Amino acid sequence: MRVASLDRLQRLLAKLPGVGEKTALRYILRLLENDGALARDLAEELATLPNRIGSCERCGHLAERRDHLALLCAVCTDERRDASILCVVARVPDVLALERAGAYRGRYHVLGRLLSPLDGIGPDELGLDRLLRRAREDGVREVVIATPPTVDGEATALLLKRELEASGVAVTRIASGLPHGGELEFADPITLGRALAGRRAI
């Protein structure tokens, strides 16, 4: 027997990345336990989320909204971060991944998209003028390009390199190679090639 309300919620949850219909159903059944207390708490948080979280006005990362204050994220307001190093990423999840790693102490610039002529995304859609202005006005000495090693990511990296080097800023690219614990036999040729090209003394 189908339950219309359950079906609607299942379809909505299944639109989230990594959530299929079976996982969505498990989530719903869990939310219905304990008289729906978890469901009510979750609903309240989700309903107010757009009013509490926005994009940082400086870098594009997630920021908590505060009355009458500029919308700045925790990274941009942290005076302990090295403002002379700027890491350019494609999207917010990339910032979260780098922060989890804990190996980077500079600041970020989130493009929000990658260069993709087939999708109608050209240089003008990347907001490069904002990035160049930050590099110039914030005393940035190095820009680390951390776009993904895809066709669009590499094209974006090359464009950024050309634009930034013209302004006199040092431009570096994150290395790419084998993951920790990975086996050579399962690596693709491009990853292996980059791992060899980026070899270093031990």
# chains A, B, ... in the order shown; residues from 1 in each chain; ligands from 1

call {"tool": "closest_atom_pairs", "arguments": {"of": "range 23-125 of chain A", "to": "range 160-165 of chain A", "cutoff": "12 Å", "atoms": "only C-alpha atoms", "output": "tab-separated table"}}
result
residue	atom	partner	partner_atom	distance
A:Leu86	CA	A:Leu164	CA	11.6
A:Cys87	CA	A:Leu160	CA	11.7
A:Val88	CA	A:Leu160	CA	9.1
A:Val89	CA	A:Leu160	CA	11.1
A:Ala90	CA	A:Leu160	CA	11.8
A:Leu111	CA	A:Leu160	CA	10.8
A:Leu114	CA	A:Leu160	CA	10.8
A:Leu115	CA	A:Leu160	CA	10.1
A:Pro123	CA	A:Leu160	CA	9.4

call {"tool": "write_last_selection", "arguments": {"atoms": "C-alpha atoms", "output": "PDB file, in the first residue's frame"}}
result
ATOM      1  CA  LEU A  86      45.129  32.523  -1.597  1.00  0.00           C
ATOM      2  CA  CYS A  87      43.807  29.115  -2.608  1.00  0.00           C
ATOM      3  CA  VAL A  88      41.387  29.182  -5.557  1.00  0.00           C
ATOM      4  CA  VAL A  89      38.822  26.374  -5.606  1.00  0.00           C
ATOM      5  CA  ALA A  90      35.839  25.572  -7.775  1.00  0.00           C
ATOM      6  CA  LEU A 111      34.895  30.516  -8.141  1.00  0.00           C
ATOM      7  CA  LEU A 114      34.590  26.093 -13.857  1.00  0.00           C
ATOM      8  CA  LEU A 115      35.382  27.249 -17.360  1.00  0.00           C
ATOM      9  CA  PRO A 123      35.945  33.732 -18.579  1.00  0.00           C
TER      10      PRO A 123
END

call {"tool": "closest_residue", "arguments": {"among": "A:Pro179, A:Arg194, A:Leu46, A:Arg91", "to": "Gly153 in chain A", "atoms": "only C-alpha atoms"}}
result
A:Arg91

call {"tool": "select_by_dssp", "arguments": {"residues": "range 25-87 of chain A", "states": "strand (DSSP E or B)", "output": "VMD selection string"}}
result
chain A and resid 53 to 55 62 to 64 82 to 87

call {"tool": "residues_around", "arguments": {"residues": "Leu178 in chain A", "least_positions_apart": "6", "cutoff": "12 Å", "atoms": "only C-alpha atoms", "output": "list in words"}}
result
Leu184, Glu185, Phe186, Ala187, Asp188, Pro189, Ile190, Thr191, Leu192, Gly193, Arg194, Ala195, Leu196, Ala197, Gly198 and Arg199 of chain A

call {"tool": "closest_residue", "arguments": {"among": "A:Ala97, A:Ala83, A:Cys56, A:Val169", "to": "Ala70 in chain A", "atoms": "only C-alpha atoms"}}
result
A:Cys56

call {"tool": "closest_residue", "arguments": {"among": "A:Thr150, A:Ser167, A:Arg113, A:Arg105", "to": "Arg133 in chain A", "atoms": "only C-alpha atoms"}}
result
A:Ser167

call {"tool": "closest_residue", "arguments": {"among": "A:Leu159, A:Leu69, A:Ala146, A:Ile85", "to": "Arg134 in chain A", "atoms": "only C-alpha atoms"}}
result
A:Ile85

call {"tool": "select_by_dssp", "arguments": {"residues": "range 6-142 of chain A", "states": "helix (DSSP H, G or I)", "output": "JSON, numbers by chain"}}
result
{"A": [6, 7, 8, 9, 10, 11, 12, 13, 21, 22, 23, 24, 25, 26, 27, 28, 29, 30, 31, 32, 34, 35, 36, 37, 38, 39, 40, 41, 42, 43, 44, 45, 46, 47, 48, 49, 50, 51, 52, 92, 93, 94, 95, 96, 97, 98, 99, 100, 101, 117, 118, 119, 123, 124, 125, 126, 128, 129, 130, 131, 132, 133, 134, 135, 136, 137]}

call {"tool": "residues_around", "arguments": {"residues": "Gly106 in chain A", "least_positions_apart": "4", "cutoff": "10 Å", "atoms": "only C-alpha atoms", "output": "number ranges by chain"}}
result
A: 75-76, 78, 80-87, 142-144

call {"tool": "atom_distance", "arguments": {"atom1": "CA of Ala63 in chain A", "atom2": "CA of Ala103 in chain A"}}
result
21.3 Å

call {"tool": "closest_residue", "arguments": {"among": "A:Ser176, A:Ser5, A:Thr147, A:Asn51", "to": "Arg65 in chain A", "atoms": "only C-alpha atoms"}}
result
A:Asn51

call {"tool": "residues_around", "arguments": {"residues": "Leu72 in chain A", "least_positions_apart": "4", "cutoff": "10 Å", "atoms": "only C-alpha atoms", "output": "number ranges by chain"}}
result
A: 54-66, 76-77
